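Only one structure is covered here, and it is reproduced in the block below.
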Amino acid sequence: MRYLDKAAIEHIAIGAAFLGTGGGGDPYIGKLMAISAIEKNGPVQLVTVDEIEDEDFFIPTAMMGAPSVSSEKFPNGEEFVKVFQKLSQYLGKDKIAGTYPMEAGGVNSMIPIVVAAQLGLPLVDCDGMGRAFPELQMVTFNLDGISATPMAITDEKGNIGIFETINNRWTERLARTATVEMGASSLVSLYPTTGLQMKQSGVHHIVTLSEKIGQIIASKHKDAKDKLSELLTLVSGYELFQGKIVDVIRETKGGFNLGRINLEGIEAHKDGMMKIHFQNENLIAEKDDEVIAMTPDLLCLVDYETLSPVTTESLKYGKRVRVIGLPCDHKWRTKKGIETAGPRYFGYDYDYVPIEELVNKAVKDHV
């Protein structure tokens, strides 16, 4: 157990934005809300899954919808606690033992900190993805048959409701429709879980990992080359490409940010090209028309010089970036994990191949 102060939140916001693979909402907005909450209410207690009781209940809170909308439609902060309390009341639980992030991502790693600070609850060092994904059923709890509902949903206008669905795909479909009507973003509280379920089905130590990543990226005492080497070692990752954004095709549709990034190689990759396809999060990378990384493995864009994470809503022509790939949590490499969040689910005609194999093949082909 330890407490999260302002410095820790700064680093977690950076690291979670990196793990968010382009999605999860604006990290700057989320960071400001979390810092404001602890300045007003005091630091948040961070506990490991080993420190929680099996029978206790925990509820996450997250923003749902197109990340680009959050830069124009700011939450006021009250919605987070409101939707959390709505679900806890519906469950009839006298006491909710704590909260946790549903995914690693800019704003969605910060919202649970706001809730924890305002309600005086501990934050569990665990999430349900180990990254960010665009749909509600793309959660490791779902892989183990845990229901997303009952789920509470609200918006900044005060509309609020409860869903109970027959399965988690229906949760996604109905909540997405409501989210679109709410202005393409909403606040949700779902997957109420016991301590035992978190221990068995969650991705552990994600907050700590985010903080370590953020510490590396934010370091002022190392150059980009040294920071990159340290970062890749920490996450078992690969630098896939160095490039300049020459085109971004993007639209907001059905509550998602959809599109493609075209990169022209620079420096060590000056003769190459890369295409990255995204749906809120980066999903597929094609280097010189050959797939080099695919979902559910992580595909992260960072600033070429600073290594600061680049989210899908901040993509712009001329920006120089590094493309980093890293393996997903082992739960996503199961048959059900690949069926739930693999390339074919998103409509790409590829069988999932782990990033390690794709990188090794590319190296051999180059030689």
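Note on naming: chains are A, B, ... as they come in the structure tokens, residues start from 1 per chain, ligands start from 1 in the order shown.
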
Would you please give, as a count of residues only, all residues of stretch 21-160 of chain A that DSSP assigns to alpha helix (DSSP H) based on the backbone?
-> 42

As a compact mmCIF listing (two decimals) with N, CA, C and O atoms, in the first residue's frame, please: every residue in stretch 30-201 of chain A that DSSP puts in strand (DSSP E or B).
# COMPACT_ATOMS: atom_id res chain seq x y z
N VAL A 44 -4.48 9.68 -2.75
CA VAL A 44 -5.27 8.45 -2.90
C VAL A 44 -4.42 7.24 -2.53
O VAL A 44 -3.26 7.13 -2.93
N GLN A 45 -5.03 6.34 -1.79
CA GLN A 45 -4.35 5.11 -1.39
C GLN A 45 -4.37 4.11 -2.55
O GLN A 45 -5.43 3.81 -3.10
N LEU A 46 -3.20 3.61 -2.93
CA LEU A 46 -3.09 2.58 -3.97
C LEU A 46 -2.78 1.25 -3.30
O LEU A 46 -1.81 1.13 -2.55
N VAL A 47 -3.62 0.23 -3.57
CA VAL A 47 -3.42 -1.09 -2.97
C VAL A 47 -3.26 -2.13 -4.06
O VAL A 47 -3.77 -1.98 -5.18
N PHE A 57 -16.56 -5.81 -2.69
CA PHE A 57 -16.99 -5.38 -4.02
C PHE A 57 -16.24 -4.13 -4.45
O PHE A 57 -15.97 -3.23 -3.65
N PHE A 58 -15.94 -4.08 -5.77
CA PHE A 58 -15.20 -2.96 -6.35
C PHE A 58 -15.90 -2.56 -7.66
O PHE A 58 -16.38 -3.40 -8.40
N ALA A 62 -15.61 4.92 -16.00
CA ALA A 62 -14.84 5.27 -17.20
C ALA A 62 -15.67 6.15 -18.12
O ALA A 62 -16.90 6.22 -18.01
N MET A 63 -14.99 6.82 -19.04
CA MET A 63 -15.65 7.57 -20.09
C MET A 63 -15.80 6.66 -21.30
O MET A 63 -14.88 5.92 -21.66
N MET A 64 -16.95 6.71 -21.93
CA MET A 64 -17.23 5.91 -23.12
C MET A 64 -17.51 6.83 -24.30
O MET A 64 -18.13 7.88 -24.13
N GLY A 65 -17.04 6.44 -25.49
CA GLY A 65 -17.34 7.23 -26.68
C GLY A 65 -16.10 7.60 -27.46
O GLY A 65 -15.03 7.03 -27.27
N GLY A 98 -13.71 -0.18 -2.94
CA GLY A 98 -12.73 0.60 -3.68
C GLY A 98 -13.09 0.67 -5.15
O GLY A 98 -14.14 0.20 -5.59
N THR A 99 -12.21 1.27 -5.92
CA THR A 99 -12.42 1.42 -7.35
C THR A 99 -11.14 1.04 -8.08
O THR A 99 -10.09 0.79 -7.46
N LEU A 123 -7.68 2.87 -4.39
CA LEU A 123 -7.59 2.52 -5.80
C LEU A 123 -6.81 1.22 -5.90
O LEU A 123 -5.71 1.12 -5.34
N VAL A 124 -7.35 0.23 -6.61
CA VAL A 124 -6.67 -1.05 -6.74
C VAL A 124 -5.75 -1.02 -7.96
O VAL A 124 -6.13 -0.54 -9.03
N CYS A 126 -4.86 -2.46 -10.65
CA CYS A 126 -5.38 -3.52 -11.52
C CYS A 126 -6.28 -2.87 -12.55
O CYS A 126 -6.87 -1.81 -12.30
N ASP A 127 -6.40 -3.46 -13.73
CA ASP A 127 -7.42 -3.02 -14.68
C ASP A 127 -7.96 -4.23 -15.42
O ASP A 127 -7.63 -5.37 -15.12
N MET A 151 -25.07 -2.06 -15.16
CA MET A 151 -24.20 -0.95 -15.54
C MET A 151 -24.97 0.36 -15.43
O MET A 151 -26.14 0.42 -15.84
N ALA A 152 -24.33 1.37 -14.88
CA ALA A 152 -24.94 2.70 -14.83
C ALA A 152 -24.31 3.57 -15.91
O ALA A 152 -23.12 3.42 -16.24
N ILE A 153 -25.09 4.47 -16.49
CA ILE A 153 -24.60 5.38 -17.52
C ILE A 153 -25.20 6.75 -17.30
O ILE A 153 -26.36 6.89 -16.91
N THR A 154 -24.40 7.79 -17.53
CA THR A 154 -24.88 9.17 -17.34
C THR A 154 -24.17 10.10 -18.32
O THR A 154 -23.23 9.71 -19.01
N ILE A 160 -29.46 9.78 -16.56
CA ILE A 160 -28.80 8.64 -15.92
C ILE A 160 -29.72 7.42 -16.00
O ILE A 160 -30.95 7.54 -15.99
N GLY A 161 -29.11 6.26 -16.16
CA GLY A 161 -29.90 5.05 -16.26
C GLY A 161 -29.10 3.81 -15.91
O GLY A 161 -27.89 3.87 -15.71
N ILE A 162 -29.82 2.69 -15.84
CA ILE A 162 -29.22 1.39 -15.53
C ILE A 162 -29.54 0.43 -16.67
O ILE A 162 -30.67 0.37 -17.15
N PHE A 163 -28.53 -0.32 -17.10
CA PHE A 163 -28.72 -1.41 -18.06
C PHE A 163 -28.54 -2.75 -17.37
O PHE A 163 -27.63 -2.92 -16.55
N SER A 185 -20.28 10.97 -26.13
CA SER A 185 -19.50 10.56 -24.96
C SER A 185 -20.42 10.46 -23.75
O SER A 185 -21.40 11.19 -23.65
N SER A 186 -20.09 9.55 -22.86
CA SER A 186 -20.87 9.35 -21.65
C SER A 186 -19.94 8.86 -20.55
O SER A 186 -18.77 8.56 -20.80
N LEU A 187 -20.47 8.75 -19.33
CA LEU A 187 -19.73 8.18 -18.20
C LEU A 187 -20.43 6.89 -17.80
O LEU A 187 -21.67 6.86 -17.70
N VAL A 188 -19.66 5.83 -17.62
CA VAL A 188 -20.25 4.54 -17.28
C VAL A 188 -19.56 3.95 -16.06
O VAL A 188 -18.38 4.20 -15.80
N SER A 189 -20.34 3.15 -15.34
CA SER A 189 -19.81 2.35 -14.23
C SER A 189 -20.35 0.95 -14.43
O SER A 189 -21.58 0.76 -14.50
N THR A 193 -17.18 -6.06 -9.52
CA THR A 193 -16.43 -7.31 -9.31
C THR A 193 -16.05 -7.48 -7.85
O THR A 193 -15.89 -6.51 -7.11
N THR A 194 -15.87 -8.74 -7.47
CA THR A 194 -15.38 -9.04 -6.14
C THR A 194 -13.85 -9.02 -6.14
O THR A 194 -13.22 -9.07 -7.20

Residues within 12 Å of A:Val363, only C-alpha atoms, excluding chain neighbours under 4 positions, as a PyMOL selection string = chain A and resi 238+240+292+356-359+367

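Distance check against A:Ala293 using only C-alpha atoms: of A:Pro354, A:Gly15, A:Gly30, A:Pro150, the minimum falls on A:Pro354.
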
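Counting from atom CA of A:Glu267, the distance to atom CA of A:Leu232 is 19.0 Å.
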
Do a neighbour search on A:Thr252 at 12 Å with only C-alpha atoms, toss out local chain neighbours closer than 3 positions, and write the hits as a count of residues only.
-> 20
